[in-house]
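*Asks:* Once you've had a glance at the structure underneath, I'll fire off some questions.
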Amino acid sequence: MAKYDPIVYKGGKRYFYRFSAHQRVQHVILFSSVLTLALTGFPLRHAEEPWAKPLYDFMGGTELAPLIHRAAGTVLLGLFVYHTIYWLALFIKNDLGGLKQQGRLTFGSGVKAFFTQEMVPNKKDFFDILHVWKYLLYFTNRPPRHDRMSWREKFDYFAPYWGIPILGPAGVLLWWRDEITHFLPGIVLNAAYIMHTDEALLAVLFLFFVHWYNVHYAPEKFPAATVWLTGYLTEDEMIHEHYAQYVKIMIEAGLEDEVKPQHFAGEEYDW
Amino acid sequence: MALTGFPEPAPAGDELNCVLCHKHRGLSRIDENGKFRLFYLNQELFDAGPHRRNKCKDCHSDIDRIPHKPAKKVTCTQQCHIVEPSGNVKFSHQSIADTLATSVHSSLDAEGNPKPHHEDYPGCKDCHDQPLYRPLSVYKGEVKPGITARAISRCKSCHTSGDFAEDFYEHVTSRLHKTRFPMETIEVCAKCHQDPDFRERHELDDVVTTYKQTFHGKLIALGSERTPDCLDCHVVPGENTHLIEAQDQPTSSVNKANLSATCRTSDCHEKAGAMLAGFQTHVTYDRDKYPLQFYMLMFFKALMAVVLYFFLTLIFLELLRRLFPRFAFFKDKEGNTPHHRIRNKKPEA
């Protein structure tokens, strides 16, 4: 991880490291497969709507689109398994391995190490949620100060972790309906059908409204955030979204005197 | 024709020159019941239809002079003048009517007494009507021969007179594939089975709507012709489409005992396990009839509402917050000062 500098300068501006190339490639695979799945799945879910048939025909029609859908689903499930193993491997190697070297690896310290992982929800997230409501309802003028991963980003991150375990197995059951009915009752397919179609609607609506608000529609992001391409956040974005981390990084880099004050909502932007 | 001054010859089947009058588009009247009746015959459609080789009088047999009195309704079961080549007997649709009479769609019960609301039960023309009875080649845009069209050249080497070879060939080959769009078949069944009053009279679920919610129904709506419509599952195996039986009949294709065989016919779920038949096709999400589906649907709806309302409210308030960035009922002491300065009690630069 050392190959990424926490702060780089370009054109006299500071940029803060966020995502490695490896993570950015995983995100591209994730969103390509999800978009493909949505485009080949939703015309079928809403087959009676006038837009469904033209879109389905464009995506390959009744013969090809199901194959594309299954291929994209396989890629997504593969990515899910890969990412989980990648995360666990890093956790075991860096965190548990580190504890072992120090001779402090016990069950308790292992569990504690897990709950201090940056993606794992913690106490600060709980208070940040309370704080943001307080802030949005005008009970305070100070926005919450998020660390490297805010609770909203954690929710975004864990949404696939609850969506894919529901959508994936249900999709596999519907795909292999002929094979699985040798040992599972047919009503499992009714359940899988509801799980697959309704969870997919939730996932797509969440992505379209919430995630795309975070990275596309929000006034300071519009038309699109760039961190998924560059891996770096601007100083404004850092101050706005990750103020606690920003202060920490600036102090570590010996730039304590150049730490800028926290933004109020919508201020400090040139738009 | 115009050069010779002779009128156009009447079509072959029109011995009495009926089209002399019936070719006029406006030929119509209001009958005794106040109903509008159109008597126009579209020659082009008729010539493309299955009855083009019948004479008018074959079906309208009570007409013996022109001009004629109001004619009787045509019955499909009467013998017509076409001689059926395999048995050398006059052709009739009587056998189809007999089949229909033994099906669930018969208006009489097993003892021969009229069923309740017997007038609701279909006769030939209730299904074989617009749009279903429109000549296929005109509305489907093509006639798909079951085997290569070149094969007809063999027939034509002997059967040289008229259109006999073409007609016979088409008659046979069109029966080797689905002659209707599955969507048309579904619409025919929907005429009654989706009608709320009809369903209430006969205490039936809305099977058409629930069918349209299945993968089968959706793929058909998207243009698939390899997906089952109503007939593919509900016709008694080995019989023609007119024999549909109620679920409780032992020979019915959808009887619990036969259902798995129906799903697993060749071309469908051939390799599936017998338990595939446990799949519920016509799910109404009724709490008592389909509790699993009902509660699952409620769960997902509730989940969706909670997640989306939470985040959409948050987004809405956040956008609103930008309008008054510095306003608050209670000002935070820290304000926007970096917190490490407060913690370290470092004087402001």
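By convention here, the chains of the structure tokens are called A, B, ... in the order presented, each chain's residues are numbered starting at 1, and ligands are numbered starting at 1 in the order presented.
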Using only C-alpha atoms, determine which residues of chain A fall within 8 Å of chain B; present them as a PyMOL selection string.

*Replies:* chain A and resi 44-48+52-53+56+61-63+133+136-142+177-191+194-195+198-199+202+205-206+209-210+213+247+259-267

*Asks:* When you look at Ile164 (chain A) with a cut-off of 10 Å (counting only C-alpha atoms), what residues show up, excluding the ones that are within fewer than 3 positions of it in the same chain? I need them as a ChimeraX atom specification.

*Replies:* /A:73,76-77,80,158-161,167-171,196,199-200,203

*Asks:* What does the distance between CA of Ala21 (chain A) and CA of Thr84 (chain A) come to in Å, to one decimal place?

*Replies:*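 These two atoms are separated by 17.3 Å.
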
*Asks:* Run DSSP on the backbone and give me the residues of region 71-212 of chain A it puts in helix (DSSP H, G or I), as a ChimeraX atom specification.

*Replies:* /A:71-101,107-115,123-136,151-175,177-180,187-212

*Asks:* Could you write those residues out with C-alpha atoms, as a tab-separated table (two decimals), in the first residue's frame?

*Replies:*
chain	number	residue	atom	x	y	z
A	71	ALA	CA	-23.07	-14.22	-17.51
A	72	ALA	CA	-23.12	-10.84	-15.75
A	73	GLY	CA	-24.55	-12.48	-12.64
A	74	THR	CA	-21.71	-15.00	-12.66
A	75	VAL	CA	-19.18	-12.17	-12.91
A	76	LEU	CA	-20.84	-10.33	-10.02
A	77	LEU	CA	-20.95	-13.42	-7.81
A	78	GLY	CA	-17.32	-14.13	-8.70
A	79	LEU	CA	-16.35	-10.60	-7.75
A	80	PHE	CA	-18.27	-10.91	-4.50
A	81	VAL	CA	-16.41	-14.08	-3.54
A	82	TYR	CA	-13.09	-12.63	-4.69
A	83	HIS	CA	-13.58	-9.41	-2.74
A	84	THR	CA	-14.55	-11.26	0.43
A	85	ILE	CA	-11.48	-13.49	0.23
A	86	TYR	CA	-9.29	-10.48	-0.57
A	87	TRP	CA	-10.62	-8.63	2.45
A	88	LEU	CA	-10.29	-11.62	4.78
A	89	ALA	CA	-6.79	-12.39	3.52
A	90	LEU	CA	-5.66	-8.83	4.20
A	91	PHE	CA	-7.30	-8.90	7.62
A	92	ILE	CA	-5.69	-12.20	8.58
A	93	LYS	CA	-2.28	-11.26	7.20
A	94	ASN	CA	-2.03	-7.69	8.43
A	95	ASP	CA	-4.15	-7.55	11.56
A	96	LEU	CA	-4.20	-11.04	13.01
A	97	GLY	CA	-0.65	-11.66	11.74
A	98	GLY	CA	0.51	-8.46	13.39
A	99	LEU	CA	-1.09	-9.45	16.68
A	100	LYS	CA	0.49	-12.90	16.45
A	101	GLN	CA	3.94	-11.43	15.93
A	107	PHE	CA	-9.97	-14.69	20.58
A	108	GLY	CA	-10.83	-11.42	22.25
A	109	SER	CA	-8.11	-9.39	20.58
A	110	GLY	CA	-9.02	-10.94	17.20
A	111	VAL	CA	-12.65	-9.89	17.57
A	112	LYS	CA	-11.53	-6.45	18.70
A	113	ALA	CA	-9.26	-6.17	15.66
A	114	PHE	CA	-12.22	-7.05	13.44
A	115	PHE	CA	-14.37	-4.33	14.93
A	123	LYS	CA	-19.75	3.50	17.90
A	124	LYS	CA	-18.70	6.68	16.09
A	125	ASP	CA	-21.02	5.78	13.20
A	126	PHE	CA	-23.94	5.52	15.57
A	127	PHE	CA	-23.25	8.96	17.01
A	128	ASP	CA	-22.57	10.38	13.53
A	129	ILE	CA	-26.05	9.25	12.43
A	130	LEU	CA	-27.60	11.02	15.43
A	131	HIS	CA	-25.39	14.03	14.75
A	132	VAL	CA	-26.33	14.34	11.08
A	133	TRP	CA	-30.05	14.43	11.93
A	134	LYS	CA	-29.33	17.02	14.58
A	135	TYR	CA	-27.44	19.01	11.99
A	136	LEU	CA	-30.01	18.63	9.20
A	151	TRP	CA	-21.48	5.65	7.98
A	152	ARG	CA	-23.14	6.39	4.62
A	153	GLU	CA	-20.22	4.93	2.75
A	154	LYS	CA	-20.31	1.90	5.00
A	155	PHE	CA	-24.01	1.51	4.20
A	156	ASP	CA	-23.22	1.77	0.48
A	157	TYR	CA	-20.48	-0.81	0.92
A	158	PHE	CA	-22.61	-3.28	2.87
A	159	ALA	CA	-25.64	-2.89	0.60
A	160	PRO	CA	-24.11	-5.38	-1.88
A	161	TYR	CA	-23.22	-7.56	1.12
A	162	TRP	CA	-26.88	-7.94	1.90
A	163	GLY	CA	-28.15	-7.66	-1.69
A	164	ILE	CA	-25.90	-10.21	-3.35
A	165	PRO	CA	-26.49	-13.00	-0.79
A	166	ILE	CA	-30.23	-12.58	-1.50
A	167	LEU	CA	-30.13	-11.93	-5.24
A	168	GLY	CA	-27.33	-14.35	-6.12
A	169	PRO	CA	-28.60	-17.62	-4.65
A	170	ALA	CA	-32.17	-16.78	-5.77
A	171	GLY	CA	-30.86	-16.16	-9.30
A	172	VAL	CA	-28.92	-19.42	-9.25
A	173	LEU	CA	-32.06	-21.31	-8.15
A	174	LEU	CA	-34.10	-19.78	-10.98
A	175	TRP	CA	-31.31	-20.47	-13.46
A	177	ARG	CA	-34.67	-24.64	-11.82
A	178	ASP	CA	-34.72	-27.99	-13.67
A	179	GLU	CA	-31.76	-29.41	-11.76
A	180	ILE	CA	-32.66	-28.21	-8.27
A	187	ILE	CA	-42.32	-23.53	-4.05
A	188	VAL	CA	-38.66	-22.63	-3.45
A	189	LEU	CA	-38.79	-21.14	-6.93
A	190	ASN	CA	-41.77	-18.97	-5.95
A	191	ALA	CA	-39.74	-17.68	-3.01
A	192	ALA	CA	-36.65	-17.20	-5.18
A	193	TYR	CA	-38.72	-15.26	-7.70
A	194	ILE	CA	-39.91	-12.77	-5.08
A	195	MET	CA	-36.47	-12.49	-3.51
A	196	HIS	CA	-34.79	-11.92	-6.86
A	197	THR	CA	-37.19	-9.39	-8.34
A	198	ASP	CA	-38.01	-7.37	-5.22
A	199	GLU	CA	-34.49	-7.20	-3.83
A	200	ALA	CA	-33.33	-6.17	-7.32
A	201	LEU	CA	-35.83	-3.31	-7.31
A	202	LEU	CA	-34.58	-2.14	-3.92
A	203	ALA	CA	-30.95	-2.39	-5.07
A	204	VAL	CA	-31.56	-0.46	-8.27
A	205	LEU	CA	-33.65	2.24	-6.58
A	206	PHE	CA	-31.02	2.62	-3.87
A	207	LEU	CA	-28.25	2.92	-6.44
A	208	PHE	CA	-30.23	5.29	-8.63
A	209	PHE	CA	-31.40	7.64	-5.87
A	210	VAL	CA	-28.97	7.35	-2.98
A	211	HIS	CA	-25.64	6.24	-4.38
A	212	TRP	CA	-26.01	8.38	-7.50

*Asks:* Find, counting only C-alpha atoms, the residue in A:Tyr9, A:Phe222, A:Phe16, A:Phe58 that gets nearest to Pro43 (chain A).

*Replies:* A:Phe58

*Asks:* Between CA of Lys73 (chain B) and CA of Leu41 (chain B), what is the distance in Å, rounded to a tenth?

*Replies:* 15.9 Å

*Asks:* Between CA of His216 (chain A) and CA of Ile249 (chain A), what is the distance, to one decimal in Å?

*Replies:* 26.2 Å

*Asks:* Give me, as a PyMOL selection string, all polymer residues having an atom no more than 10 Å from Asp236 (chain A), counting only C-alpha atoms and skipping those fewer than 6 positions away in the same chain.

*Replies:* chain A and resi 14-15+220+242-243+260+262-263+268-269
